[in-house]
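Chemist: Below is a structure I'd like to ask you about.
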Amino acid sequence: MTQKRLKRIKFRNRLFIKNRLVILNENTFEEIFSFKLNLMNVFVVATLGAIFLILITTFIIAFTPLREFIPGYSSTELKRNATELALKSDSLTVALKKNEAYIKSIQKVLTGQLEYAKFNKDSILSSIDMKEEGVNLAPSKEELKLREEVANEEKIENTSSVKKDKSAKK
């Protein structure tokens with residue numbers, strides 16, 4: 001047999017050799033209790049204990065308020081308040097825009113730039129909604145030119161890197 005195989009057999013035999021763990025009173029040498037153990041039992045118990053400890057710690061952190069002390073976790077109440085405030089701020093900005101448009105149109109009427117007969121609150125509010133929807137997302141000429149320049153530069157870089165790779169392989 002090879003030496004590796006012999007070492008494995010010796011190690012396997014050592015795992016299952018019975019040993020006795022005895023706890024004695026030092027003054028009287030009286031045996032308090034004793035265990036019959038082998039190395040394999042000790043490994044199994046230690047591994048199961050470690051797994052159990054990890055599981056208990058994970059469950060305690062996951063299902064109790066302790067998780068709020070870990071960086072990156074926040075309380076559910078804080079998340080709820082943040083979303084509520086975000087929705088309120090969005091609705092307030094829309095209301096503010098409507099009020100500003102209404103005030104501007106009233107100023108136009110007061111300064112004489114617009115006749116009172118043409119002044120209507122509903123038409124003002126509908127014009128605000130139409131302005132917000134009519135956003136032009138088409139790229140400008142300068143943006144198209146910049147995109148072409150960037151594409152050309154990328155092509156030049158790619159061809160030069162391919163040439164370098166080919167020369168390095170040779």
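In the structure tokens, the first chain shown is A, the next is B, and so on; residue numbers restart at 1 for each chain, and ligands run from 1 in the order shown.
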Tell me, as a PDB file with C-alpha atoms, in the first residue's frame, which residues lie within 12 Å of range 29-46 of chain A, counting only C-alpha atoms; anything in the same chain fewer than 2 positions away does not count.
Modeler:
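Generated output (out-v3.pdb):
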```pdb
ATOM      1  CA  PHE A  11      -6.117   8.767  10.749  1.00  0.00           C
ATOM      2  CA  ARG A  12      -9.444   6.950  10.317  1.00  0.00           C
ATOM      3  CA  ASN A  13      -8.515   4.522  13.087  1.00  0.00           C
ATOM      4  CA  ARG A  14      -7.534   7.433  15.374  1.00  0.00           C
ATOM      5  CA  LEU A  15     -10.924   9.036  14.789  1.00  0.00           C
ATOM      6  CA  PHE A  16     -12.728   6.028  16.235  1.00  0.00           C
ATOM      7  CA  ILE A  17     -10.430   5.090  19.155  1.00  0.00           C
ATOM      8  CA  LYS A  18     -12.398   5.306  22.400  1.00  0.00           C
ATOM      9  CA  ASN A  19     -11.083   7.715  25.022  1.00  0.00           C
ATOM     10  CA  ARG A  20     -12.412   8.562  28.436  1.00  0.00           C
ATOM     11  CA  LEU A  21     -12.904  12.114  29.697  1.00  0.00           C
ATOM     12  CA  VAL A  22     -12.971  12.123  33.483  1.00  0.00           C
ATOM     13  CA  ILE A  23     -13.712  15.098  35.734  1.00  0.00           C
ATOM     14  CA  LEU A  24     -12.214  14.658  39.207  1.00  0.00           C
ATOM     15  CA  ASN A  25     -12.366  16.615  42.429  1.00  0.00           C
ATOM     16  CA  GLU A  26      -8.764  17.729  42.926  1.00  0.00           C
ATOM     17  CA  ASN A  27      -8.745  17.484  46.705  1.00  0.00           C
ATOM     18  CA  LEU A  48     -23.283  20.921  15.185  1.00  0.00           C
ATOM     19  CA  GLY A  49     -22.734  23.379  18.048  1.00  0.00           C
ATOM     20  CA  ALA A  50     -21.174  25.932  15.713  1.00  0.00           C
ATOM     21  CA  ILE A  51     -24.005  25.558  13.186  1.00  0.00           C
ATOM     22  CA  PHE A  52     -26.610  25.872  15.948  1.00  0.00           C
ATOM     23  CA  LEU A  53     -24.912  28.992  17.333  1.00  0.00           C
TER      24      LEU A  53
END
```
Chemist: Run DSSP on the backbone and tell me which residues of chain A come out as strand (DSSP E); list them as a list in words.
Modeler: Asn19, Arg20, Leu21, Val22, Ile23, Leu24, Glu31, Ile32, Phe33, Ser34, Phe35, Lys36 and Leu37 of chain A
Chemist: Enumerate the residues of range 22-145 of chain A with a DSSP assignment of alpha helix (DSSP H), computed from the backbone, and present them as a ChimeraX atom specification.
Modeler: /A:39-63,76-111,121-133,141-145
Chemist: Between CA of Ala86 in chain A and CA of Thr64 in chain A, what is the distance in Å, rounded to a tenth?
Modeler: 27.4 Å
Chemist: Report the distance between CA of Leu87 in chain A and CA of Tyr73 in chain A in Å, rounded to one decimal place.
Modeler: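 We find that CA of Leu87 in chain A and CA of Tyr73 in chain A lie 22.0 Å from each other.
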